[in-house]
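Chemist: Before we start, here is the structure in question, set down as structure tokens.
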Amino acid sequence: MAQLRLDKLLANRTPHSRSDIKSILKKGAVQVDGVTECDGSRKIDPDVQQVTLYGKKLVGQSHVCFLVNKPQGYICATEDRMHRTVLELLPRELRVKGLFPAGRLDVDSTGLVLLTDDGDLAHRMLAPKSHVPKYYLVRLAKPCTPADAARLAEGLTLGDGTQCLPAQAKPLPVKGDYALICLHEGKYHQVKRMFAALSNHVETLHRVAVGGMILPPELASGGYVAVLHKDVENMLKSGNFDAIYERIMTDFSSYSINEVHEV
Ligand code: URA
């Protein structure tokens with residue numbers, strides 16, 4: 001990995017702000033390869049040098065993990081000739097070798113995407129038998145009715161005969177026909193195809209949570225944040241539909257869904 005400033009590394013891989021990091025460094029709480037380092041401008045290579053904060057190795061030093069708020073027009077791939085990739089949402093110095101998006105959102109979908117170089121983590125998150133729930137806030141052409149929610153809960157059969165696992169869906173009592181839908185699997189264009197099977201149409205789709213991890217509402221479209229180890233474990237948990245629904249309702253206006261265009 002390219003060398004980067006110690007204060008930047010600390011800011012990316014800990015919850016501390018840049019100004020907190022200044023005083024943390026001054027206090028002598030940071031060591032590089034066992035030697036106290038107070039100079040935040042020092043360039044280091046996190047793949048080679050070990051950085052500790054209060055004696056603890058920085059989370060993600062061996063593997064990196066970032067959460068991005070994907071805007072429309074970006075593709076969930078490591079390279080593409082037509083579109084910008086979600087990797088380009090990270091500054092160049094954080095794009096470590098082997099980094100890839102764990103899971104896919106369509107080019108016109110927005111929201112939570114995890115970028116990591118940890119293949120095991122991605123497998124635990126994406127393996128069909130893990131059933132890690134993914135939550136999508138959708139704006140629909142028509143309201144999601146109780147009858148639609150009941151059919152989704154039974155396990156819908158798509159137009160081509162594909163059988164879906166039971167999914168939870170609930171309309172949001174806000175202006176426009178928004179609904180939160182939770183899937184425990186990830187078939188191609190699944191949310192769009194499920195609503196199409198209900199004679200509806202997904203106008204916009206924003207992934208708001210994976211497992212117990214909610215996209216921070218203050219994270220602007222195109223923004224990124226380092227994911228801490230405890231948050232990764234949280235992401236692999238089953239999540240709680242009602243709790244996530246309440247959070248989405250509370251933070252509804254903060255989500256940048258108003259910036260997205262029609263699908
Ligand atoms: N389902 C879809 O149809 N599109 C996505 O991007 C994600 C889930």
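Going through the structure tokens in order, the chains are called A, B, and so on, while each chain numbers its residues from 1 and the ligands are numbered from 1 in the order shown.
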Fewer than 4 positions away in the same chain doesn't count, so skip those; otherwise give me all residues within 12 Å of Leu99 of chain A, counting only C-alpha atoms, as a ChimeraX atom specification.
Modeler: /A:1,63-66,76-79,85-88,90,92-95,114-119,122
Chemist: Could the residues of chain A that have an atom at most 6 Å from ligand 1 be listed as a tab-separated table, each with its closest atom pair and the distance in Å to one decimal, counting only C-alpha atoms and all ligand atoms and ordered by chain and ascending residue number?
Modeler:
```
residue	atom	partner	partner_atom_place_in_ligand_line	distance
A:Leu105	CA	ligand 1	6 (O)	3.5
A:Asp106	CA	ligand 1	6 (O)	3.7
A:Ser109	CA	ligand 1	6 (O)	4.8
A:His189	CA	ligand 1	3 (O)	3.2
A:Gln190	CA	ligand 1	1 (N)	4.2
A:Val191	CA	ligand 1	1 (N)	3.9
A:Lys192	CA	ligand 1	3 (O)	4.0
```
Chemist: From the set A:Leu4, A:Ala153, A:Ile24, A:Thr52, which residue has the shortest atom-to-atom contact distance to Val96 of chain A, counting only C-alpha atoms?
Modeler: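 Of all the options, A:Leu4 lies closest to Val96 of chain A.
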Chemist: Within 6 Å of Leu180 of chain A, counting only C-alpha atoms, which residues qualify if same-chain residues fewer than 3 places away don't, as a list of chain:residue names?
Modeler: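 Within the cut-off, the hits are A:Tyr136, A:Leu137, A:Ala169, A:Lys170.
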Chemist: Compile the contact shell of Leu236 of chain A as a compact mmCIF listing (two decimals) with C-alpha atoms, in the first residue's frame: residues with an atom at most 8 Å away, counting only C-alpha atoms, same-chain residues fewer than 3 positions apart removed.
Modeler:
```
# COMPACT_ATOMS: atom_id res chain seq x y z
CA ARG A 124 -19.80 -14.47 5.48
CA MET A 125 -21.86 -11.50 4.40
CA VAL A 132 -27.71 -11.63 6.18
CA VAL A 210 -27.05 -4.58 5.93
CA GLY A 211 -27.57 -6.82 8.95
CA GLY A 212 -27.55 -4.52 11.97
CA VAL A 232 -18.40 -5.49 10.90
CA GLU A 233 -19.67 -8.03 13.43
```
Chemist: A:Asp251, A:Ala149, A:Cys182, A:Val107: which is nearest Gln72 of chain A, counting only C-alpha atoms?
Modeler: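 For Gln72 of chain A, the nearest of the candidates is A:Val107.
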Chemist: Could you work out how far atom CA of Val30 of chain A lies from atom CA of Val51 of chain A, giving the answer in Å with one decimal?
Modeler: 7.1 Å
Chemist: Between A:Val202, A:Val208, A:Leu215, A:Leu126, which is the closest to Asp108 of chain A once you count only C-alpha atoms?
Modeler: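 Closest candidate: A:Val202.
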Chemist: Hey, what's within 8 Å of Ala197 of chain A if we count only C-alpha atoms and toss same-chain stuff fewer than 6 positions away? As a ChimeraX atom specification, please?
Modeler: /A:157-159
Chemist: Any chance you can output those residues with C-alpha atoms as a PDB file, in the first residue's frame?
Modeler:
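Dumped to out-v3.pdb:
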```pdb
ATOM      1  CA  THR A 157     -42.751 -16.184  -7.387  1.00  0.00           C
ATOM      2  CA  LEU A 158     -41.233 -13.891 -10.037  1.00  0.00           C
ATOM      3  CA  GLY A 159     -42.465 -13.647 -13.625  1.00  0.00           C
TER       4      GLY A 159
END
```
Chemist: Counting only C-alpha atoms, which of A:Leu9, A:Ile248, A:Val227, A:Ala179 gets nearest to Glu203 of chain A?
Modeler: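 Of A:Leu9, A:Ile248, A:Val227, A:Ala179, the one nearest Glu203 of chain A, counting only C-alpha atoms, is A:Ala179.
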Chemist: Would you please extract all helix (DSSP H, G or I) residues from segment 75-228 of chain A, as assigned by DSSP on the backbone, and give them as JSON, numbers by chain?
Modeler: {"A": [86, 87, 88, 89, 92, 93, 94, 119, 120, 121, 122, 123, 124, 125, 126, 128, 129, 130, 146, 147, 148, 149, 150, 151, 152, 153, 154, 190, 191, 192, 193, 194, 195, 196, 197]}
Chemist: Could you take the residues named above and write them with N, CA, C and O atoms, as a compact mmCIF listing (two decimals), in the first residue's frame?
Modeler:
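File produced: again-v5.txt:
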```
# COMPACT_ATOMS: atom_id res chain seq x y z
N VAL A 86 -17.16 1.93 -7.79
CA VAL A 86 -17.31 2.37 -6.39
C VAL A 86 -15.95 2.53 -5.70
O VAL A 86 -15.86 3.27 -4.73
N LEU A 87 -14.91 1.85 -6.20
CA LEU A 87 -13.58 2.02 -5.60
C LEU A 87 -13.11 3.47 -5.74
O LEU A 87 -12.36 3.97 -4.91
N GLU A 88 -13.57 4.12 -6.80
CA GLU A 88 -13.14 5.51 -7.05
C GLU A 88 -13.75 6.49 -6.06
O GLU A 88 -13.40 7.67 -6.06
N LEU A 89 -14.64 6.00 -5.20
CA LEU A 89 -15.19 6.87 -4.16
C LEU A 89 -14.20 7.04 -3.00
O LEU A 89 -14.36 7.92 -2.17
N ARG A 92 -7.24 7.84 -3.49
CA ARG A 92 -6.32 6.89 -4.11
C ARG A 92 -5.47 6.12 -3.09
O ARG A 92 -5.27 4.92 -3.21
N GLU A 93 -5.02 6.84 -2.02
CA GLU A 93 -4.10 6.17 -1.07
C GLU A 93 -4.79 5.09 -0.23
O GLU A 93 -4.13 4.29 0.41
N LEU A 94 -6.12 5.09 -0.24
CA LEU A 94 -6.82 4.05 0.53
C LEU A 94 -7.23 2.86 -0.34
O LEU A 94 -7.76 1.87 0.16
N GLY A 119 -11.72 -11.35 1.91
CA GLY A 119 -12.58 -12.30 1.21
C GLY A 119 -13.47 -13.10 2.16
O GLY A 119 -14.62 -13.39 1.84
N ASP A 120 -12.95 -13.42 3.35
CA ASP A 120 -13.75 -14.21 4.31
C ASP A 120 -14.95 -13.41 4.77
O ASP A 120 -16.06 -13.93 4.88
N LEU A 121 -14.69 -12.14 5.05
CA LEU A 121 -15.79 -11.28 5.51
C LEU A 121 -16.88 -11.20 4.42
O LEU A 121 -18.07 -11.35 4.71
N ALA A 122 -16.44 -10.98 3.19
CA ALA A 122 -17.41 -10.87 2.09
C ALA A 122 -18.20 -12.17 1.97
O ALA A 122 -19.42 -12.15 1.78
N HIS A 123 -17.52 -13.30 2.14
CA HIS A 123 -18.21 -14.58 2.03
C HIS A 123 -19.25 -14.72 3.13
O HIS A 123 -20.40 -15.11 2.88
N ARG A 124 -18.85 -14.35 4.36
CA ARG A 124 -19.80 -14.47 5.48
C ARG A 124 -21.01 -13.58 5.26
O ARG A 124 -22.12 -13.89 5.66
N MET A 125 -20.77 -12.45 4.62
CA MET A 125 -21.86 -11.50 4.40
C MET A 125 -22.78 -11.91 3.25
O MET A 125 -23.98 -11.68 3.27
N LEU A 126 -22.17 -12.53 2.23
CA LEU A 126 -22.92 -12.75 0.98
C LEU A 126 -23.38 -14.18 0.75
O LEU A 126 -24.27 -14.40 -0.07
N PRO A 128 -25.29 -17.37 0.39
CA PRO A 128 -26.75 -17.50 0.50
C PRO A 128 -27.19 -18.11 1.83
O PRO A 128 -28.20 -17.71 2.39
N LYS A 129 -26.38 -19.04 2.37
CA LYS A 129 -26.85 -19.67 3.61
C LYS A 129 -26.69 -18.76 4.84
O LYS A 129 -27.26 -19.05 5.88
N SER A 130 -25.96 -17.65 4.70
CA SER A 130 -25.84 -16.72 5.84
C SER A 130 -27.14 -15.94 6.04
O SER A 130 -27.45 -15.52 7.15
N PRO A 146 -51.15 -3.64 1.99
CA PRO A 146 -51.05 -4.78 2.91
C PRO A 146 -51.09 -6.12 2.16
O PRO A 146 -50.40 -7.07 2.53
N ALA A 147 -51.87 -6.18 1.05
CA ALA A 147 -51.92 -7.43 0.27
C ALA A 147 -50.56 -7.72 -0.37
O ALA A 147 -50.11 -8.87 -0.40
N ASP A 148 -49.88 -6.65 -0.86
CA ASP A 148 -48.52 -6.83 -1.44
C ASP A 148 -47.57 -7.34 -0.36
O ASP A 148 -46.78 -8.27 -0.59
N ALA A 149 -47.64 -6.69 0.83
CA ALA A 149 -46.74 -7.09 1.92
C ALA A 149 -46.98 -8.55 2.30
O ALA A 149 -46.02 -9.29 2.57
N ALA A 150 -48.25 -8.96 2.27
CA ALA A 150 -48.58 -10.36 2.62
C ALA A 150 -47.99 -11.32 1.58
O ALA A 150 -47.42 -12.36 1.93
N ARG A 151 -48.07 -10.95 0.31
CA ARG A 151 -47.50 -11.83 -0.74
C ARG A 151 -45.98 -11.90 -0.63
O ARG A 151 -45.38 -12.95 -0.81
N LEU A 152 -45.36 -10.75 -0.33
CA LEU A 152 -43.89 -10.74 -0.15
C LEU A 152 -43.50 -11.61 1.05
O LEU A 152 -42.51 -12.34 1.01
N ALA A 153 -44.31 -11.55 2.10
CA ALA A 153 -44.01 -12.32 3.32
C ALA A 153 -44.16 -13.83 3.10
O ALA A 153 -43.49 -14.62 3.76
N GLU A 154 -45.01 -14.19 2.14
CA GLU A 154 -45.20 -15.63 1.85
C GLU A 154 -44.03 -16.19 1.03
O GLU A 154 -43.80 -17.39 1.02
N GLN A 190 -33.30 -8.07 -7.82
CA GLN A 190 -34.40 -8.74 -7.12
C GLN A 190 -35.52 -7.81 -6.66
O GLN A 190 -36.70 -8.13 -6.85
N VAL A 191 -35.16 -6.69 -6.07
CA VAL A 191 -36.21 -5.81 -5.54
C VAL A 191 -37.09 -5.30 -6.69
O VAL A 191 -38.32 -5.32 -6.62
N LYS A 192 -36.42 -4.89 -7.76
CA LYS A 192 -37.19 -4.37 -8.92
C LYS A 192 -38.09 -5.46 -9.48
O LYS A 192 -39.25 -5.20 -9.83
N ARG A 193 -37.57 -6.68 -9.57
CA ARG A 193 -38.37 -7.77 -10.16
C ARG A 193 -39.51 -8.18 -9.23
O ARG A 193 -40.59 -8.57 -9.68
N MET A 194 -39.27 -8.07 -7.92
CA MET A 194 -40.35 -8.43 -6.98
C MET A 194 -41.52 -7.44 -7.10
O MET A 194 -42.68 -7.84 -7.16
N PHE A 195 -41.18 -6.15 -7.17
CA PHE A 195 -42.30 -5.19 -7.28
C PHE A 195 -42.94 -5.26 -8.67
O PHE A 195 -44.14 -5.04 -8.80
N ALA A 196 -42.14 -5.61 -9.68
CA ALA A 196 -42.73 -5.79 -11.01
C ALA A 196 -43.74 -6.94 -10.97
O ALA A 196 -44.82 -6.87 -11.57
N ALA A 197 -43.42 -8.00 -10.21
CA ALA A 197 -44.33 -9.15 -10.09
C ALA A 197 -45.61 -8.76 -9.35
O ALA A 197 -46.62 -9.45 -9.45
```
Chemist: Compare A:His201, A:Arg207, A:Arg104, A:Lys8 by their minimum atom-to-atom distance to Lys187 of chain A, counting only C-alpha atoms, and give me the closest one.
Modeler: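 Checking each candidate against Lys187 of chain A, we get A:Arg104 as the closest.
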Chemist: Can you work out the spacing between atom CA of Met213 of chain A and atom CA of Ala29 of chain A in Å, to one decimal?
Modeler: 29.3 Å
Chemist: Let me make sure I understand: among A:Lys70, A:Lys57, A:Lys22, A:Lys175, which one has the smallest atom-to-atom distance to Ser253 of chain A if we use only C-alpha atoms?
Modeler: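 The answer is A:Lys175, which sits nearest to Ser253 of chain A.
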Chemist: Can you work out the spacing between atom CA of Met82 of chain A and atom CA of Ala226 of chain A in Å, to one decimal?
Modeler: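 About the pair atom CA of Met82 of chain A and atom CA of Ala226 of chain A: they are 27.3 Å apart.
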Chemist: Would you list, as a ChimeraX atom specification, the residues of segment 2-146 of chain A that end up in strand (DSSP E or B) under DSSP run on this structure's backbone?
Modeler: /A:4-5,30-32,35-36,43-44,51-53,56-57,65-70,74-75,84-85,100-102,110-116,134-140
Chemist: With a distance cut-off of 8 Å and only C-alpha atoms, select the neighbouring residues of Leu183 of chain A, excluding the residue or stretch itself and same-chain residues fewer than 3 positions from it, and output the selection as a list of chain:residue names.
Modeler: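 So, after excluding close chain neighbours, the residues are A:Pro133, A:Lys134, A:Tyr135, A:Leu165, A:Pro166, A:Ala167, A:Gln168, A:Gly186.
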Chemist: Could you write out the selected residues, including all heavy atoms, as a PDB file, in the first residue's frame?
Modeler:
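Contents of out-v2.pdb, freshly written:
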```pdb
ATOM      1  N   PRO A 133     -29.594 -10.045   6.317  1.00  0.00           N
ATOM      2  CA  PRO A 133     -30.638  -9.222   5.703  1.00  0.00           C
ATOM      3  C   PRO A 133     -30.095  -7.931   5.096  1.00  0.00           C
ATOM      4  O   PRO A 133     -29.167  -7.316   5.626  1.00  0.00           O
ATOM      5  CB  PRO A 133     -31.584  -8.906   6.865  1.00  0.00           C
ATOM      6  CG  PRO A 133     -30.768  -9.075   8.084  1.00  0.00           C
ATOM      7  CD  PRO A 133     -29.676 -10.061   7.782  1.00  0.00           C
ATOM      8  N   LYS A 134     -30.684  -7.525   3.981  1.00  0.00           N
ATOM      9  CA  LYS A 134     -30.334  -6.259   3.327  1.00  0.00           C
ATOM     10  C   LYS A 134     -31.633  -5.447   3.259  1.00  0.00           C
ATOM     11  O   LYS A 134     -32.671  -5.985   2.865  1.00  0.00           O
ATOM     12  CB  LYS A 134     -29.810  -6.496   1.907  1.00  0.00           C
ATOM     13  CG  LYS A 134     -28.927  -7.751   1.757  1.00  0.00           C
ATOM     14  CD  LYS A 134     -27.490  -7.475   1.734  1.00  0.00           C
ATOM     15  CE  LYS A 134     -26.561  -8.681   1.708  1.00  0.00           C
ATOM     16  NZ  LYS A 134     -26.996 -10.031   1.922  1.00  0.00           N
ATOM     17  N   TYR A 135     -31.530  -4.193   3.645  1.00  0.00           N
ATOM     18  CA  TYR A 135     -32.716  -3.334   3.745  1.00  0.00           C
ATOM     19  C   TYR A 135     -32.661  -2.257   2.664  1.00  0.00           C
ATOM     20  O   TYR A 135     -31.646  -1.558   2.539  1.00  0.00           O
ATOM     21  CB  TYR A 135     -32.767  -2.648   5.105  1.00  0.00           C
ATOM     22  CG  TYR A 135     -32.911  -3.612   6.265  1.00  0.00           C
ATOM     23  CD1 TYR A 135     -31.798  -4.272   6.787  1.00  0.00           C
ATOM     24  CD2 TYR A 135     -34.148  -3.858   6.845  1.00  0.00           C
ATOM     25  CE1 TYR A 135     -31.916  -5.156   7.852  1.00  0.00           C
ATOM     26  CE2 TYR A 135     -34.283  -4.739   7.915  1.00  0.00           C
ATOM     27  CZ  TYR A 135     -33.159  -5.377   8.405  1.00  0.00           C
ATOM     28  OH  TYR A 135     -33.278  -6.256   9.450  1.00  0.00           O
ATOM     29  N   LEU A 165     -37.360 -16.034  -1.325  1.00  0.00           N
ATOM     30  CA  LEU A 165     -37.576 -16.289   0.110  1.00  0.00           C
ATOM     31  C   LEU A 165     -38.536 -15.236   0.651  1.00  0.00           C
ATOM     32  O   LEU A 165     -38.649 -14.143   0.070  1.00  0.00           O
ATOM     33  CB  LEU A 165     -36.245 -16.180   0.869  1.00  0.00           C
ATOM     34  CG  LEU A 165     -35.208 -17.265   0.623  1.00  0.00           C
ATOM     35  CD1 LEU A 165     -33.911 -16.927   1.365  1.00  0.00           C
ATOM     36  CD2 LEU A 165     -35.746 -18.624   1.088  1.00  0.00           C
ATOM     37  N   PRO A 166     -39.201 -15.526   1.751  1.00  0.00           N
ATOM     38  CA  PRO A 166     -40.075 -14.512   2.359  1.00  0.00           C
ATOM     39  C   PRO A 166     -39.314 -13.206   2.614  1.00  0.00           C
ATOM     40  O   PRO A 166     -38.154 -13.232   3.024  1.00  0.00           O
ATOM     41  CB  PRO A 166     -40.499 -15.168   3.681  1.00  0.00           C
ATOM     42  CG  PRO A 166     -40.399 -16.637   3.426  1.00  0.00           C
ATOM     43  CD  PRO A 166     -39.226 -16.807   2.494  1.00  0.00           C
ATOM     44  N   ALA A 167     -39.975 -12.096   2.329  1.00  0.00           N
ATOM     45  CA  ALA A 167     -39.374 -10.762   2.527  1.00  0.00           C
ATOM     46  C   ALA A 167     -40.355  -9.915   3.330  1.00  0.00           C
ATOM     47  O   ALA A 167     -41.568 -10.075   3.202  1.00  0.00           O
ATOM     48  CB  ALA A 167     -39.092 -10.118   1.175  1.00  0.00           C
ATOM     49  N   GLN A 168     -39.789  -9.013   4.142  1.00  0.00           N
ATOM     50  CA  GLN A 168     -40.662  -8.109   4.908  1.00  0.00           C
ATOM     51  C   GLN A 168     -40.733  -6.777   4.186  1.00  0.00           C
ATOM     52  O   GLN A 168     -39.692  -6.275   3.720  1.00  0.00           O
ATOM     53  CB  GLN A 168     -40.042  -7.852   6.279  1.00  0.00           C
ATOM     54  CG  GLN A 168     -40.460  -8.822   7.359  1.00  0.00           C
ATOM     55  CD  GLN A 168     -39.609  -8.585   8.601  1.00  0.00           C
ATOM     56  OE1 GLN A 168     -38.399  -8.816   8.577  1.00  0.00           O
ATOM     57  NE2 GLN A 168     -40.232  -8.117   9.655  1.00  0.00           N
ATOM     58  N   GLY A 186     -29.965 -12.343  -2.418  1.00  0.00           N
ATOM     59  CA  GLY A 186     -29.602 -11.276  -3.353  1.00  0.00           C
ATOM     60  C   GLY A 186     -29.606 -11.748  -4.784  1.00  0.00           C
ATOM     61  O   GLY A 186     -28.545 -11.955  -5.377  1.00  0.00           O
TER      62      GLY A 186
END
```
